[in-house]
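Chemist: Got a structure for you, questions after.
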Protein chains: 2
Amino acid sequence: MARLKQDLDTRTDGRNAIADRAIEILLSFSDDKPVLTAEQLREANGMSRSAIYRYLTSLRANGFVAEEPGQGFRLGPKLIEMARIARRDNPIMDVAQRHIRQLAAECGEIVQLLERVGRQLILLEKIDSQHTIGITHLRGGMLPSPAGSSAKVLIAFAPQNEFDELLRSVDLQAYTAKSITDPKELCRQIDLVRQNGYALNDEELDEGVRAVAAPIFSRREARYAVSVVGPSFRLTDEALPQLISKVKATAAAISSELQQRDS
Amino acid sequence: MARLKQDLDTRTDGRNAIADRAIEILLSFSDDKPVLTAEQLREANGMSRSAIYRYLTSLRANGFVAEEPGQGFRLGPKLIEMARIARRDNPIMDVAQRHIRQLAAECGEIVQLLERVGRQLILLEKIDSQHTIGITHLRGGMLPSPAGSSAKVLIAFAPQNEFDELLRSVDLQAYTAKSITDPKELCRQIDLVRQNGYALNDEELDEGVRAVAAPIFSRREARYAVSVVGPSFRLTDEALPQLISKVKATAAAISSELQQRDS
DNA sequence: ATTTTAATTCCCGATATTCGGGATATTATT
DNA sequence: AATAATATCCCGAATATCGGGAATTAAAAT
């Protein structure tokens, strides 16, 4: 009776399904849902009671999840430790840190650094804005999802063999009045992004929120993106040109520093 | 022919052995060895070629490890993202940050914040010292291992049911001339730690390195420890008393803030 | 204190999924 | 081009997960 999910949409070739499932459990946690009960985790991942507890026991013993007495589980402290090592050795973190802090200081808005891994957009760094009146919470990033400015950039400059699949995976739902819902329109914009070297997000995901993003190149690939996010009343059409050039300059500076390193 | 390791020293009751193995692979990476080839990982974890690649494929697809072109693998960017969430929801991180930064500023030495999870000592935060002439690299922490100041504190104030096992798991090798090698001596020191409310490490792990640690209480348990680490020529016998009181004060402040939260 | 309820752990046979070894394909090196 | 090293694919064997439900423990309510 061990009938497993056997996801049809993701290939299970040459992978370890159980390791994948363990990770899936970890990915159930998000900014929105930082604490989950065993029951919620069971349901979210479609497993039996015995199974989820077996996973949780292993994850907890290793500090990957922690138990909050009456509440449930949350991501554990070991992840914090491992991230220190991951940061230390991720070439981009070292290089980008200084640049994006300066960008944040200059424009006073939220600045983000993202990395694309397959169809995932991973948020590496986020510097909060000085303005308390800012965007407090942003949609986290895993494609298939709607395309914000960073996603547009990373799709536009993706290598050919991945490009089509990425483009297809964009969610075209209408989250706001300005959301992109037409594939043709998306293609048109992506083309523009490639021409201009930057992408905009004009309230397409959240009402009143605009963003600018530019690609960072590493080994001739656009693996990372910097973006500035802020309220439309500050990121006005008048303010945008200067902001765009700042974002592009920052991205370019990081790119060139990365390139020097490789040599 | 699927003969697995079946570790004898760790119970596999009610756990998920494969998830454990996946985590074990991640734990192969450390500050000392941030980049490992598939072959090194295979060897370190005693698995077959096919097996290690299956694990790595899953881990890589999820961004838990990343591939460095000619070098091998390193911990991946997804860990950085997940750590952000883990931090955000870890009560201690929010509270302790400010206090340990101030402590670091006051004493100008390395300050560390650790959490105990079972027999593991997890490094949650490390603030580097201003002095470039300091300790660059510290032994990472998983018991069984030698007991530094933080370990002493966390053992001394551990709950009864865990105390004996923890004490037994201490490594009594002679790393330096001053290392504790006698179990009796360790017990005596642990008793003192419990009486005094702090622990010292007087060049017991590394020549010329001293440390002071104090326990942080959360829900009537000493789950965390703050420690200050520095060279013996600055952490002199004359300087220690003041440093000890500062470390204790910091720990106490964090403890009381945590307690307030719980109410 | 006692009952009720929920949450977690334990047990078991069935079988899905890992396992290792070796062949194959790909990439790097000389 | 030839060699070496690395990575993927394929297979039967069998380990270790799987789910269902019972048993235990913890928590909540009466």
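Please note that chains go A, B, ... in the order of the structure tokens, that every chain numbers its residues from 1, and that ligands are numbered from 1 in the order shown.
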So that each row is one residue of chain A with an atom at most 6 Å from chain B, can you give its shortest atom pair and the distance in Å to one decimal, using only C-alpha atoms, rows by chain and rising number, as JSON lines?

Modeler:
```
{"residue": "A:Gly14", "atom": "CA", "partner": "B:Arg54", "partner_atom": "CA", "distance": 5.4}
{"residue": "A:Arg15", "atom": "CA", "partner": "B:Arg54", "partner_atom": "CA", "distance": 4.6}
{"residue": "A:Asn16", "atom": "CA", "partner": "B:Arg54", "partner_atom": "CA", "distance": 5.3}
{"residue": "A:Ala19", "atom": "CA", "partner": "B:Ala19", "partner_atom": "CA", "distance": 5.5}
{"residue": "A:Asp20", "atom": "CA", "partner": "B:Ser58", "partner_atom": "CA", "distance": 6.0}
{"residue": "A:Arg54", "atom": "CA", "partner": "B:Arg15", "partner_atom": "CA", "distance": 4.6}
{"residue": "A:Tyr55", "atom": "CA", "partner": "B:Asn16", "partner_atom": "CA", "distance": 5.5}
{"residue": "A:Thr57", "atom": "CA", "partner": "B:Arg15", "partner_atom": "CA", "distance": 5.6}
{"residue": "A:Ser58", "atom": "CA", "partner": "B:Arg15", "partner_atom": "CA", "distance": 5.3}
{"residue": "A:Leu75", "atom": "CA", "partner": "B:Ala86", "partner_atom": "CA", "distance": 4.9}
{"residue": "A:Leu79", "atom": "CA", "partner": "B:Ala83", "partner_atom": "CA", "distance": 5.2}
{"residue": "A:Ile80", "atom": "CA", "partner": "B:Ala83", "partner_atom": "CA", "distance": 4.7}
{"residue": "A:Glu81", "atom": "CA", "partner": "B:Leu123", "partner_atom": "CA", "distance": 5.7}
{"residue": "A:Ala83", "atom": "CA", "partner": "B:Ile80", "partner_atom": "CA", "distance": 4.7}
{"residue": "A:Ala86", "atom": "CA", "partner": "B:Leu75", "partner_atom": "CA", "distance": 4.9}
{"residue": "A:Leu123", "atom": "CA", "partner": "B:Glu81", "partner_atom": "CA", "distance": 5.7}
{"residue": "A:Leu124", "atom": "CA", "partner": "B:Glu81", "partner_atom": "CA", "distance": 5.8}
```

Chemist: Show me, as JSON, numbers by chain, every residue of chain C with an atom at most 7 Å from chain A, counting only C-alpha atoms (C1' of nucleotides).

Modeler: {"C": [14, 15, 16]}

Chemist: Please return, as a ChimeraX atom specification, all residues of chain D lying within 7 Å of chain B when only C-alpha atoms (C1' of nucleotides) are considered.

Modeler: /D:13-15

Chemist: Any chance you could export the current selection's C-alpha atoms (C1' of nucleotides) as a compact mmCIF listing (two decimals), in the first residue's frame?

Modeler:
```txt
# COMPACT_ATOMS: atom_id res chain seq x y z
C1' DA D 13 18.14 -7.74 -5.37
C1' DA D 14 16.48 -6.38 -1.06
C1' DT D 15 16.43 -2.63 2.12
```

Chemist: Suppose you want the space between CA of Ile127 in chain A and CA of Ser218 in chain A; what is it in Å?

Modeler: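 About the pair CA of Ile127 in chain A and CA of Ser218 in chain A: they are 22.0 Å apart.
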
Chemist: Could you please write out, as a ChimeraX atom specification, every residue of range 22-214 of chain B that DSSP assigns to alpha helix (DSSP H)?

Modeler: /B:22-27,38-45,49-61,77-89,91-107,149-156,160-168,183-196

Chemist: With DSSP run on the backbone, what are the strand (DSSP E or B) residues within range 82-249 of chain B? I'd like them as a ChimeraX atom specification.

Modeler: /B:110-117,120-127,142,145,170,199-202,209-218,221-231

Chemist: With only C-alpha atoms (C1' of nucleotides) as the counted atoms, please give the residues lying no more than 10 Å from DC11 in chain C, apart from itself and same-chain residues fewer than 3 positions off, as a list in words.

Modeler: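 That gives DG21, DA22 and DA23 of chain D.
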
Chemist: When distances are computed from only C-alpha atoms (C1' of nucleotides), which of C:DT24, C:DT29, C:DT18, C:DT2 shows the smallest separation from DA7 in chain D?

Modeler: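 Among C:DT24, C:DT29, C:DT18, C:DT2, it is C:DT24 that comes nearest to DA7 in chain D.
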
Chemist: Skip DA26 in chain D itself and residues of its chain fewer than 2 positions away, then list as a count of residues only all residues within 10 Å of it, counting only C-alpha atoms (C1' of nucleotides).

Modeler: 5
